[in-house]
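The block underneath contains the structure these notes are about, expressed in structure tokens.
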4 protein chains.
Amino acid sequence: MPPWKTKLHEVIYEADTPAGKIFDIALLVVILISVVLVMMESVSSLLVKYSWQFYVAEWIITAIFSIEYILRIIAINKPKRYIFSFYGIVDLLSTLPSYIGFIFGGANLLFAIRALRLLRVFRVLKVTRYIGESHKLISALKNSKAKILVFLFAVVIICVIAGTLMHLVEGSTGGFDNIPLSIYWCIVTLTTVGFGDIAPVTPLGRLIASIIMVTGYGIIAVPTGIVSAEYSKATKPISNTQVCPNCNEGRHQDDAQFCHKCGYPLNE
Amino acid sequence: MPPWKTKLHEVIYEADTPAGKIFDIALLVVILISVVLVMMESVSSLLVKYSWQFYVAEWIITAIFSIEYILRIIAINKPKRYIFSFYGIVDLLSTLPSYIGFIFGGANLLFAIRALRLLRVFRVLKVTRYIGESHKLISALKNSKAKILVFLFAVVIICVIAGTLMHLVEGSTGGFDNIPLSIYWCIVTLTTVGFGDIAPVTPLGRLIASIIMVTGYGIIAVPTGIVSAEYSKATKPISNTQVCPNCNEGRHQDDAQFCHKCGYPLNE
Amino acid sequence: MPPWKTKLHEVIYEADTPAGKIFDIALLVVILISVVLVMMESVSSLLVKYSWQFYVAEWIITAIFSIEYILRIIAINKPKRYIFSFYGIVDLLSTLPSYIGFIFGGANLLFAIRALRLLRVFRVLKVTRYIGESHKLISALKNSKAKILVFLFAVVIICVIAGTLMHLVEGSTGGFDNIPLSIYWCIVTLTTVGFGDIAPVTPLGRLIASIIMVTGYGIIAVPTGIVSAEYSKATKPISNTQVCPNCNEGRHQDDAQFCHKCGYPLNE
Amino acid sequence: MPPWKTKLHEVIYEADTPAGKIFDIALLVVILISVVLVMMESVSSLLVKYSWQFYVAEWIITAIFSIEYILRIIAINKPKRYIFSFYGIVDLLSTLPSYIGFIFGGANLLFAIRALRLLRVFRVLKVTRYIGESHKLISALKNSKAKILVFLFAVVIICVIAGTLMHLVEGSTGGFDNIPLSIYWCIVTLTTVGFGDIAPVTPLGRLIASIIMVTGYGIIAVPTGIVSAEYSKATKPISNTQVCPNCNEGRHQDDAQFCHKCGYPLNE
């Protein structure tokens with residue numbers, strides 16, 4: 001690996017050197033600007049007013065991200081590992097839609113093109129590179145995954161049955177026109193969101209709704225309890241692995257200098 | 001038990017053999033299709049368009065479930081234990097309504113017939129057969145049951161009193177026409193669902209509503225705390241694997257040097 | 001205390017004898033009927049239709065509760081302790097409003113009379129006599145009280161400031177006409193109830209609303225965490241108080257028969 | 001420090017003497033009155049009716065707070081430390097806006113002046129001086145801060161992506177006019193607030209909404225779990241009171257027989 005490549009790798013992939021920090025912060029700023037621009041572009045009044053400014057800004061940002069992508073490929077020894085990694089795909093998705101958009105014309109309002117252009121919002125995922133502090137959280141979530149899935153599955157079964165019941169009881173008067181719609185309403189209610197665009201109007205429907213709500217209020221405790229318990233376990237202080245050479249006692253405080261059982265000095 | 005029956009039992013009730021796995025997956029697919037069909041049938045535009053396709057599909061699914069039900073009875077030594085078990089009843093309910101529906105005609109829109117046809121949605125309960133991983137969850141819930149019931153009971157008493165108060169204060173202006181309706185609104189509010197179809201409009205009513213909401217926000221912690229604590233207890237790791245060589249007792253404290261049951265020294 | 005009084009006390013205040021159990025269940029049924037009647041009376045269509053039935057039922061229930069109240073006073077040695085206890089006041093409140101209502105006429109719709117009549121709904125509190133299983137819950141809540149009050153206080157301060165801000169930003173366009181109303185909206189939002197009768201319409205108002213919501217979503221964890229931790233503490237298994245007579249070791253499993261440290265038999 | 005200054009300091013900054021207690025309670029009452037007045041002034045019907053009463057009350061309260069501010073500066077040895085402390089700034093903000101308001105005239109409805117006048121609501125922060133009992137809470141929150149920020153950050157990323165998706169799928173029919181609005185809706189939904197002013201109407205939009213809601217319902221467990229675990233840790237009881245007679249080390253394991261710091265035997 002030539003020295004310039006090592007240098008480049010340091011700047012782009014690491015944040016220990018001043019140059020590396022500046023690169024990271026500059027990139028973060030560009031990412032945030034680009035996401036805000038995609039959002040603002042979707043506001044039609046702004047799009048009409050600042051049409052060409054958006055166009056120019058888009059060109060500049062796409063150019064920056066393209067250069068970043070190429071530099072990242074150059075700066076690494078095994079480019080394939082980067083290209084097919086999560087961040088490699090996110091980085092590619094940050095530039096590709098713009099190029100396709102430019103080719104097919106920005107004024108084109110076909111759904112596919114619009115969808116493609118909106119894909120640019122996934123640039124926000126580039127930020128995840130800068131989030132640390134989450135190892136314990138992720139491990140707690142991974143440990144809870146199976147149980148939370150079972151829980152969500154139970155929620156779906158409850159919603160299917162309760163939704164069908166509500167469709168039968170309320171019918172079209174309250175807006176429960178068909179079962180999928182009733183199930184949607186059940187999910188809205190059980191998760192305590194409660195939009196209110198659909199709401200029961202018959203006494204029996206309201207009684208069932210009350211039961212669904214109280215159930216939702218009661219079982220929200222389940223995933224919380226699971227994550228809480230798993231997280232508690234994940235953050236239990238790892239007692240060190242010191243073993244007393246004299247009496248073989250294994251549980252010592254982190255800063256113990258003598259065995260608490262026989263008084264023999266511990267060689268750390 | 002003749003060998004073909006043993007084989008059949010293996011395929012239908014177990015999932016260890018390839019044939020058993022295929023049977024399970026095929027059945028799962030049929031269940032999901034049948035539930036989706038019941039849902040789609042309730043969408044009137046789809047019912048009009050694909051009327052006879054729904055009819056044929058229903059016939060096929062009912063036939064499959066009927067065969068499954070008969071096979072399950074044949075494959076087991078004590079059919080009664082299956083027939084009167086939870087799954088036996090669910091399996092019967094998956095076929096019976098269709099037959100009754102066919103007899104009385106699908107175009108019949110009487111409430112009883114419609115209700116019967118919608119019963120088919122309970123087929124979703126057949127899926128619960130395939131959910132594992134939930135032993136600890138269920139035991140935690142069982143341990144919390146009594147306390148959660150007390151809690152829900154307290155919620156209902158709060159709602160009855162607060163609902164009466166709101167009816168008195170708001171009257172018909174805000175939609176609090178009678179006490180049952182006001183109680184329904186209180187449940188909607190206390191569980192933080194908040195549809196908004198009924199909402200207080202007088203200053204005093206809004207003050208009481210605020211107190212109800214803050215109460216609901218504060219006491220949602222109670223069931224969560226209960227389940228969380230119970231679940232924590234249910235998943236406490238078994239601390240060590242020492243077994244007494246004399247009396248075979250297996251639960252020993254981490255630093256036990258003698259069996260707490262027979263006093264025999266433990267060799268670690 | 002004469003034997004008939006002891007007998008009466010047993011029947012009314014205790015539930016160990018068959019007569020006591022029957023008394024309890026009968027009373028519970030009457031309470032539930034009376035609460036349901038108060039509710040139904042508030043539905044104007046039912047009141048018109050079954051006016052005199054309600055009147056008669058009310059007479060009967062009031063008579064039953066009056067007799068119960070008198071019997072409770074007779075059956076106890078120190079009637080004052082009962083009369084001024086929580087249940088004594090609840091029992092009195094269960095009969096008094098009816099008598100006052102009868103005197104001033106049931107057709108009288110003055111607010112004070114109506115309020116008085118609705119007081120009868122407090123009869124539901126008579127049921128709390130039959131709720132057990134809640135000692136740990138109540139002790140956990142008592143331990144958390146001070147902290148939860150501090151938390152609710154913080155919530156109120158947040159709502160006062162955020163409400164004023166929303167009133168300033170949104171003004172009358174979104175319905176934020178004055179500060180008390182804005183604070184009410186903030187409470188509705190922070191507690192994740194979200195009626196939707198008042199909702200921000202300006203971009204800045206929506207931004208602030210988003211911050212309030214995410215804050216509410218984040219801090220709902222605080223009371224839950226408190227109750228959860230306190231409840232955990234309240235249900236920690238009390239390790240027994242056995243101490244080995246030989247080596248003075250104090251931590252033994254509940255069913256330990258020999259000291260796990262020195263093997264000496266424990267005399268339970 | 002002259003004796004009158006010591007006396008004044010005791011009365012104003014402490015609550016141990018009767019005079020100090022009276023001062024505290026009097027100030028608390030004035031603060032609450034002043035906040036209620038600011039709120040009432042925002043109700044236009046009250047402002048019209050009691051215009052000059054508000055004016056006079058405002059003068060009196062401002063005078064009281066000004067005197068309090070001056071006394072607090074006089075009574076302390078290093079006034080700068082008070083002036084630039086949190087409470088110093090809050091106390092200044094409690095008087096300054098009124099003076100500026102008086103200068104520019106109360107009838108002036110310019111946004112800046114109105115904003116300034118509403119600043120007076122920050123007087124509510126003066127109350128925080130009187131809240132104790134929150135040390136553990138605050139330490140638990142401080143320990144959870146980093147993790148909760150990561151969590152909220154994840155919530156924002158989910159909302160940006162889901163919001164864009166909803167804008168694409170629903171478009172203007174359901175009110176999802178642009179991406180910022182859609183993101184606002186996502187936050188409203190994910191936090192389970194659910195106003196209902198914007199709600200999906202297409203089947204696909206409702207399906208995505210259901211997924212967002214169930215996600216929100218599932219991940220609300222995460223911050224709760226974090227705070228719960230951190231709070232549990234913060235309140236762990238100190239296990240024993242053994243202190244080494246040789247080196248005075250105080251944290252020993254429950255069954256320690258020798259000091260883990262110096263090896264000296266512990267006499268239990």
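Each chain of the structure tokens is named A, B, ... in the order shown, its residues numbered from 1; ligands are numbered from 1 in display order.
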
Taking only C-alpha atoms into account, which residues of chain D are within 6 Å of chain C, as a PDB file with N, CA and C atoms, in the first residue's frame?
```pdb
ATOM      1  N   MET D  39     -51.249  33.846  32.073  1.00  0.00           N
ATOM      2  CA  MET D  39     -52.150  32.962  31.332  1.00  0.00           C
ATOM      3  C   MET D  39     -53.493  33.635  31.080  1.00  0.00           C
ATOM      4  N   SER D  42     -53.858  36.260  28.434  1.00  0.00           N
ATOM      5  CA  SER D  42     -53.881  35.819  27.037  1.00  0.00           C
ATOM      6  C   SER D  42     -55.301  35.501  26.574  1.00  0.00           C
ATOM      7  N   VAL D  43     -56.235  35.351  27.517  1.00  0.00           N
ATOM      8  CA  VAL D  43     -57.633  35.110  27.149  1.00  0.00           C
ATOM      9  C   VAL D  43     -58.246  36.478  26.826  1.00  0.00           C
ATOM     10  N   THR D 191     -44.903   8.271  17.735  1.00  0.00           N
ATOM     11  CA  THR D 191     -44.948   8.536  19.174  1.00  0.00           C
ATOM     12  C   THR D 191     -46.320   8.205  19.744  1.00  0.00           C
ATOM     13  N   THR D 192     -47.183   7.607  18.933  1.00  0.00           N
ATOM     14  CA  THR D 192     -48.532   7.179  19.300  1.00  0.00           C
ATOM     15  C   THR D 192     -49.431   8.342  19.736  1.00  0.00           C
ATOM     16  N   VAL D 193     -49.111   9.583  19.292  1.00  0.00           N
ATOM     17  CA  VAL D 193     -49.992  10.716  19.597  1.00  0.00           C
ATOM     18  C   VAL D 193     -51.237  10.648  18.716  1.00  0.00           C
ATOM     19  N   GLY D 194     -51.040  10.638  17.388  1.00  0.00           N
ATOM     20  CA  GLY D 194     -52.142  10.430  16.454  1.00  0.00           C
ATOM     21  C   GLY D 194     -53.219  11.490  16.495  1.00  0.00           C
ATOM     22  N   PHE D 195     -52.929  12.701  15.960  1.00  0.00           N
ATOM     23  CA  PHE D 195     -53.938  13.759  15.962  1.00  0.00           C
ATOM     24  C   PHE D 195     -55.112  13.405  15.069  1.00  0.00           C
ATOM     25  N   GLY D 196     -54.820  12.911  13.862  1.00  0.00           N
ATOM     26  CA  GLY D 196     -55.877  12.584  12.932  1.00  0.00           C
ATOM     27  C   GLY D 196     -56.186  13.693  11.948  1.00  0.00           C
ATOM     28  N   PRO D 223     -36.447   3.186  25.308  1.00  0.00           N
ATOM     29  CA  PRO D 223     -36.039   4.166  26.319  1.00  0.00           C
ATOM     30  C   PRO D 223     -36.491   3.769  27.717  1.00  0.00           C
ATOM     31  N   THR D 224     -37.679   3.165  27.802  1.00  0.00           N
ATOM     32  CA  THR D 224     -38.172   2.722  29.102  1.00  0.00           C
ATOM     33  C   THR D 224     -37.213   1.716  29.721  1.00  0.00           C
ATOM     34  N   VAL D 227     -33.963   3.621  30.912  1.00  0.00           N
ATOM     35  CA  VAL D 227     -34.119   4.398  32.147  1.00  0.00           C
ATOM     36  C   VAL D 227     -34.360   3.460  33.324  1.00  0.00           C
ATOM     37  N   SER D 228     -35.208   2.441  33.080  1.00  0.00           N
ATOM     38  CA  SER D 228     -35.538   1.490  34.138  1.00  0.00           C
ATOM     39  C   SER D 228     -34.274   0.830  34.673  1.00  0.00           C
ATOM     40  N   SER D 232     -32.575   1.466  38.273  1.00  0.00           N
ATOM     41  CA  SER D 232     -32.374   0.310  39.150  1.00  0.00           C
ATOM     42  C   SER D 232     -30.959   0.339  39.695  1.00  0.00           C
TER      43      SER D 232
END
```

Practice prompt. From a DSSP calculation on the backbone, collect every residue of range 20-185 of chain C in helix (DSSP H, G or I) and output the set as a ChimeraX atom specification.
Written response: /C:20-41,44-49,51-74,79-83,86-93,96-104,111-130,135-170,179-185

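Counting from CA of Leu32 in chain C, the distance to CA of Gly20 in chain C is 18.5 Å.
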
Find the distance between CA of His9 in chain C and CA of Ile74 in chain C and write it in Å to one decimal.
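One can read the CA of His9 in chain C to CA of Ile74 in chain C distance as 8.7 Å.
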
When you look at Met166 in chain A with a cut-off of 8 Å (counting only C-alpha atoms), what residues show up, excluding the ones that are within fewer than 4 positions of it in the same chain? I need them as a PyMOL selection string. chain A and resi 162+170-171+176+182+205+208

Restricted to N, CA, C and O atoms, what would the selected residues look like written as an mmCIF file, in the first residue's frame?
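See part.cif below for the written result:
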```
data_model
loop_
_atom_site.group_PDB
_atom_site.id
_atom_site.type_symbol
_atom_site.label_atom_id
_atom_site.label_comp_id
_atom_site.auth_asym_id
_atom_site.auth_seq_id
_atom_site.Cartn_x
_atom_site.Cartn_y
_atom_site.Cartn_z
ATOM 1 N N ALA A 162 -60.248 -9.077 16.325
ATOM 2 C CA ALA A 162 -61.016 -7.923 16.785
ATOM 3 C C ALA A 162 -61.518 -7.088 15.605
ATOM 4 O O ALA A 162 -62.626 -6.545 15.637
ATOM 5 N N GLU A 170 -70.093 -3.022 13.688
ATOM 6 C CA GLU A 170 -70.271 -1.632 13.292
ATOM 7 C C GLU A 170 -70.765 -1.490 11.847
ATOM 8 O O GLU A 170 -71.564 -0.619 11.546
ATOM 9 N N GLY A 171 -70.249 -2.351 10.957
ATOM 10 C CA GLY A 171 -70.609 -2.240 9.554
ATOM 11 C C GLY A 171 -70.143 -0.918 8.978
ATOM 12 O O GLY A 171 -69.168 -0.324 9.458
ATOM 13 N N PHE A 176 -66.389 1.202 9.174
ATOM 14 C CA PHE A 176 -65.739 -0.106 9.151
ATOM 15 C C PHE A 176 -66.214 -0.887 7.936
ATOM 16 O O PHE A 176 -66.818 -1.947 8.061
ATOM 17 N N SER A 182 -60.991 -2.500 9.007
ATOM 18 C CA SER A 182 -61.249 -2.696 10.436
ATOM 19 C C SER A 182 -59.982 -3.128 11.166
ATOM 20 O O SER A 182 -59.726 -2.704 12.298
ATOM 21 N N GLY A 205 -70.217 -1.514 19.570
ATOM 22 C CA GLY A 205 -68.913 -1.254 18.963
ATOM 23 C C GLY A 205 -68.005 -0.520 19.922
ATOM 24 O O GLY A 205 -66.803 -0.798 20.001
ATOM 25 N N ILE A 208 -66.701 -2.928 22.611
ATOM 26 C CA ILE A 208 -65.589 -3.751 22.111
ATOM 27 C C ILE A 208 -64.340 -2.874 21.991
ATOM 28 O O ILE A 208 -63.233 -3.277 22.356
#
```

Residues near Thr95 in chain D, cut-off 12 Å, only C-alpha atoms, skip fewer than 5 positions along chain, as a ChimeraX atom specification | /D:31,34,58-70,88-90,100-102,116-123,126

Closest of C:Leu125, C:Lys145, C:Glu14, C:Lys7 to Cys159 in chain B, counting only C-alpha atoms, is C:Leu125
